[in-house]
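Reviewing the structure listed below.
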Amino acid sequence: MKVLIFANNDIGLYKFRKELMERLILEGHDVYVSLPNGEFVPNIQSLGCKYIETEISRHGTNPFRDLKLLKQYKSMLREIQPDIVFTYTIKPNVYGGMACASLGVPYVMNITGLGTAVENPGLLQVITVNLYRIAVRKSQTVFFQNKENEAFFTSKKIAVGKHKMLPGSGVNLSFYEPLEYPKDGTIDFVFIARLMKEKGIDQYLEAAKVLREKYPQTRFHICGFCEQDYESQIKKLNDKGIIIYHGLVKDMKDIYRQIHCTVHPTYYPEGLSNVLLESSACARPIITTNRSGCREVIEDGKNGFLVKECDSKDLIEKLEKFISLTWEQRKSMGLAGRAKVEAEFDRQIVIKKYIAELNRN
């Protein structure tokens with residue numbers, strides 16, 4: 001069969017859908033991938049996928065660019081004539097879905113998070129919801145990664161009866177294996193995300209300033225692309241030794257080996273956090289926000305701690321609670337996280353569900 005994938009980012013597709021693409025190719029299917037060019041495109045091609053460069057303005061709201069994308073998707077569908085299309089993220093979901101519906105091509109949509117345009121009430125939410133309503137009308141299945149996203153779509157009467165749940169993108173339990181827990185001496189925390197306000201970087205930095213002074217044995221690592229708003233602040237804090245900034249890290253396992261706990265105080269509309277899945281798979285405790293996309297991965301007090309959104313005081317209290325634990329208690333938390341992802345979030349679960357959708361055609 002011919003399988004066409006619409007996505008908006010090469011890094012995310014390769015990191016979180018690599019095993020699915022490998023399985024499709026192993027079964028003898030022709031796999032086409034449509035997304036903007038990037039450094040991971042050669043990796044995607046090396047799997048055996050055929051790449052189609054597609055320009056997508058990920059955050060823009062220019063209707064002329066979006067109409068151009070819709071037209072490009074339709075042209076692609078006519079040329080390739082796929083048996084099924086898999087779509088990921090908002091614009092590929094919306095405009096890919098519209099294109100497939102208009103040409104009668106079966107398609108499966110993955111809601112990888114609502115995004116701020118949908119989560120925050122206002123005109124943009126109304127427009128996006130109406131676009132989604134049109135886009136999903138002929139979809140074969142709409143996959144959700146958390147119950148709150150599903151409930152939102154149900155409340156708007158979008159694709160009711162076609163909803164199915166996925167354990168996020170799942171996690172490769174062979175690649176992200178349990179790592180030896182770091183020895184006592186220092187207590188190392190890490191923040192892994194794009195350095196933007198909605199990911200909770202302000203709360204993490206505030207906690208680092210307070211706790212580094214109070215507990216000299218603590219270290220606060222940061223991994224991720226730094227947005228311009230934070231560049232000078234991060235440089236100053238790094239120079240003062242309050243944080244250790246690693247930049248964008250390709251192989252996170254090297255970081256996980258050093259750290260005792262992953263801190264993810266995000267309030268961004270996540271589908272289901274891959275950072276939490278990967279950290280847990282490596283047997284690292286997690287401290288994260290009590291919101292959809294995060295709470296699914298944590299049992300409060302067992303494999304980590306939940307914190308309130310945008311609450312630096314609560315984050316500091318939970319970090320102090322973690323610091324007060326013994327080395328054995330911290331290690332035990334990490335092992336509990338590994339057991340949870342083994343039971344609930346194996347990436348093979350996701351792959352099987354996609355293969356089942358493929359076999360319906």
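Chain lettering (A, B, ...) mirrors the order of the structure tokens, residue numbering begins at 1 for each chain separately, and ligand numbering begins at 1 in order of display.
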| query | Near Asn303 (chain A), counting only C-alpha atoms, which residues have an atom at most 9 Å away, once you skip same-chain residues fewer than 5 positions from it, shown as JSON, numbers by chain? | reply | {"A": [280, 284, 285, 286, 287, 297, 298, 330, 332, 333, 334, 335, 336, 337, 338, 340]}
| task | Run DSSP on the backbone and give me the residues of region 95-233 of chain A it puts in helix (DSSP H, G or I), as number ranges by chain. | result | A: 95-103, 116-119, 123-135, 147-155, 197-199, 201-214, 228-233
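Across A:Ile84, A:Cys282, A:Leu325, A:Ile134, the tightest approach to Arg257 (chain A) is made by A:Cys282 when counting only C-alpha atoms.
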Would you give me, as CSV, each residue of region 111-190 of chain A having an atom within 12 Å of an atom of region 200-211 of chain A, along with its shortest atom pair and that distance in Å to one decimal, using only C-alpha atoms and sorting by chain and residue number?
```
residue,atom,partner,partner_atom,distance
A:Ile187,CA,A:Leu211,CA,11.2
A:Asp188,CA,A:Ala208,CA,11.0
A:Phe189,CA,A:Ala208,CA,9.4
A:Val190,CA,A:Tyr204,CA,9.4
```
| If you count only C-alpha atoms, which residues fall within 9 Å of Ser273 (chain A), apart from same-chain ones fewer than 2 positions away, as a PyMOL selection string? | chain A and resi 168-169+270-271+275-278+293-294+297
Export of prior selection with C-alpha atoms as a PDB file, in the first residue's frame:
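This went into result-v3.pdb:
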```pdb
ATOM      1  CA  GLY A 168       0.917   9.654  23.537  1.00  0.00           C
ATOM      2  CA  SER A 169       3.630   8.843  21.015  1.00  0.00           C
ATOM      3  CA  GLU A 270       0.624  19.238  25.555  1.00  0.00           C
ATOM      4  CA  GLY A 271      -0.762  16.114  23.895  1.00  0.00           C
ATOM      5  CA  VAL A 275      10.072  14.416  27.932  1.00  0.00           C
ATOM      6  CA  LEU A 276       8.255  12.718  30.822  1.00  0.00           C
ATOM      7  CA  LEU A 277       7.973   9.397  28.987  1.00  0.00           C
ATOM      8  CA  GLU A 278      11.666   9.310  28.082  1.00  0.00           C
ATOM      9  CA  GLY A 293      -0.538  15.800  28.978  1.00  0.00           C
ATOM     10  CA  CYS A 294       1.561  15.532  32.142  1.00  0.00           C
ATOM     11  CA  VAL A 297       2.589   9.857  33.352  1.00  0.00           C
TER      12      VAL A 297
END
```
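CA of Arg137 (chain A) is positioned 10.7 Å from CA of Lys157 (chain A).
Counting only C-alpha atoms, Ser34 (chain A) has the following residues at most 9 Å away, ignoring those fewer than 2 positions along the same chain: Leu4, Ile5, Phe6, Ala7, Asn8, Tyr32, Pro36, Lys50, Tyr51, Ile52, Glu53, Thr54, Tyr73 and Met76 of chain A.
CA of Lys302 (chain A) to CA of Asn274 (chain A) spans 19.2 Å [interatomic distance, one decimal].
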| field | All strand (DSSP E or B) residues (DSSP, backbone) inside region 30-260 of chain A, as JSON, numbers by chain | value | {"A": [30, 31, 32, 33, 34, 35, 50, 51, 52, 53, 84, 85, 86, 87, 88, 107, 108, 109, 110, 111, 141, 142, 143, 144, 163, 164, 165, 171, 187, 188, 189, 190, 191, 192, 195, 218, 219, 220, 221, 222, 223, 226, 244, 245]}
Output file for the selection above: C-alpha atoms, as a PDB file, in the first residue's frame:
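The file below, result_27.pdb, is the result:
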```pdb
ATOM      1  CA  ASP A  30       5.622   2.669   0.106  1.00  0.00           C
ATOM      2  CA  VAL A  31       5.953   5.516   2.603  1.00  0.00           C
ATOM      3  CA  TYR A  32       5.878   9.172   1.509  1.00  0.00           C
ATOM      4  CA  VAL A  33       6.638  11.967   3.972  1.00  0.00           C
ATOM      5  CA  SER A  34       5.552  15.583   3.458  1.00  0.00           C
ATOM      6  CA  LEU A  35       7.070  18.269   5.723  1.00  0.00           C
ATOM      7  CA  LYS A  50      10.278   9.177  -0.065  1.00  0.00           C
ATOM      8  CA  TYR A  51      10.515  12.834   0.949  1.00  0.00           C
ATOM      9  CA  ILE A  52       8.364  15.679  -0.394  1.00  0.00           C
ATOM     10  CA  GLU A  53       9.472  19.158   0.688  1.00  0.00           C
ATOM     11  CA  ILE A  84      -4.200   6.094   3.420  1.00  0.00           C
ATOM     12  CA  VAL A  85      -2.853   9.330   4.935  1.00  0.00           C
ATOM     13  CA  PHE A  86      -1.608   9.848   8.510  1.00  0.00           C
ATOM     14  CA  THR A  87      -1.629  13.474   9.740  1.00  0.00           C
ATOM     15  CA  TYR A  88       0.073  15.055  12.783  1.00  0.00           C
ATOM     16  CA  TYR A 107      -7.074   9.502   6.564  1.00  0.00           C
ATOM     17  CA  VAL A 108      -6.225   9.110  10.242  1.00  0.00           C
ATOM     18  CA  MET A 109      -5.649  12.220  12.332  1.00  0.00           C
ATOM     19  CA  ASN A 110      -3.485  12.481  15.481  1.00  0.00           C
ATOM     20  CA  ILE A 111      -4.289  15.324  17.908  1.00  0.00           C
ATOM     21  CA  THR A 141     -10.201   7.796  12.981  1.00  0.00           C
ATOM     22  CA  VAL A 142      -9.132  10.673  15.210  1.00  0.00           C
ATOM     23  CA  PHE A 143      -6.462   9.669  17.734  1.00  0.00           C
ATOM     24  CA  PHE A 144      -6.155  11.601  21.008  1.00  0.00           C
ATOM     25  CA  HIS A 163     -12.299   9.016  18.718  1.00  0.00           C
ATOM     26  CA  LYS A 164      -9.638   6.569  19.862  1.00  0.00           C
ATOM     27  CA  MET A 165      -7.010   6.974  22.573  1.00  0.00           C
ATOM     28  CA  VAL A 171       8.355   5.516  24.177  1.00  0.00           C
ATOM     29  CA  ILE A 187      21.441  16.387  43.409  1.00  0.00           C
ATOM     30  CA  ASP A 188      21.025  17.189  39.722  1.00  0.00           C
ATOM     31  CA  PHE A 189      17.759  18.440  38.215  1.00  0.00           C
ATOM     32  CA  VAL A 190      17.133  19.012  34.506  1.00  0.00           C
ATOM     33  CA  PHE A 191      14.664  21.100  32.498  1.00  0.00           C
ATOM     34  CA  ILE A 192      14.219  19.744  28.956  1.00  0.00           C
ATOM     35  CA  LEU A 195      13.019  27.822  26.525  1.00  0.00           C
ATOM     36  CA  THR A 218      22.012  21.019  43.978  1.00  0.00           C
ATOM     37  CA  ARG A 219      22.604  21.587  40.279  1.00  0.00           C
ATOM     38  CA  PHE A 220      20.054  22.876  37.781  1.00  0.00           C
ATOM     39  CA  HIS A 221      20.631  21.782  34.183  1.00  0.00           C
ATOM     40  CA  ILE A 222      18.773  23.130  31.143  1.00  0.00           C
ATOM     41  CA  CYS A 223      18.568  21.449  27.718  1.00  0.00           C
ATOM     42  CA  CYS A 226      16.827  29.167  23.778  1.00  0.00           C
ATOM     43  CA  ILE A 244      24.192  24.697  33.650  1.00  0.00           C
ATOM     44  CA  TYR A 245      22.974  25.349  30.112  1.00  0.00           C
TER      45      TYR A 245
END
```
| request: Quote the spacing between CA of Gln140 (chain A) and CA of Leu123 (chain A) in Å to one decimal place. | output: 28.4 Å
| query | Which residues come within 12 Å of Arg78 (chain A), counting only C-alpha atoms, excluding same-chain residues fewer than 4 positions away, as an MDAnalysis selection string? | reply | chainID A and resid 4 71:74 82:83 99:100 102:105
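Each of A:Ala283, A:Ser292, A:Gln228, A:Ala356 was compared to Asn149 (chain A) using only C-alpha atoms, and A:Ser292 turns out to be the nearest.
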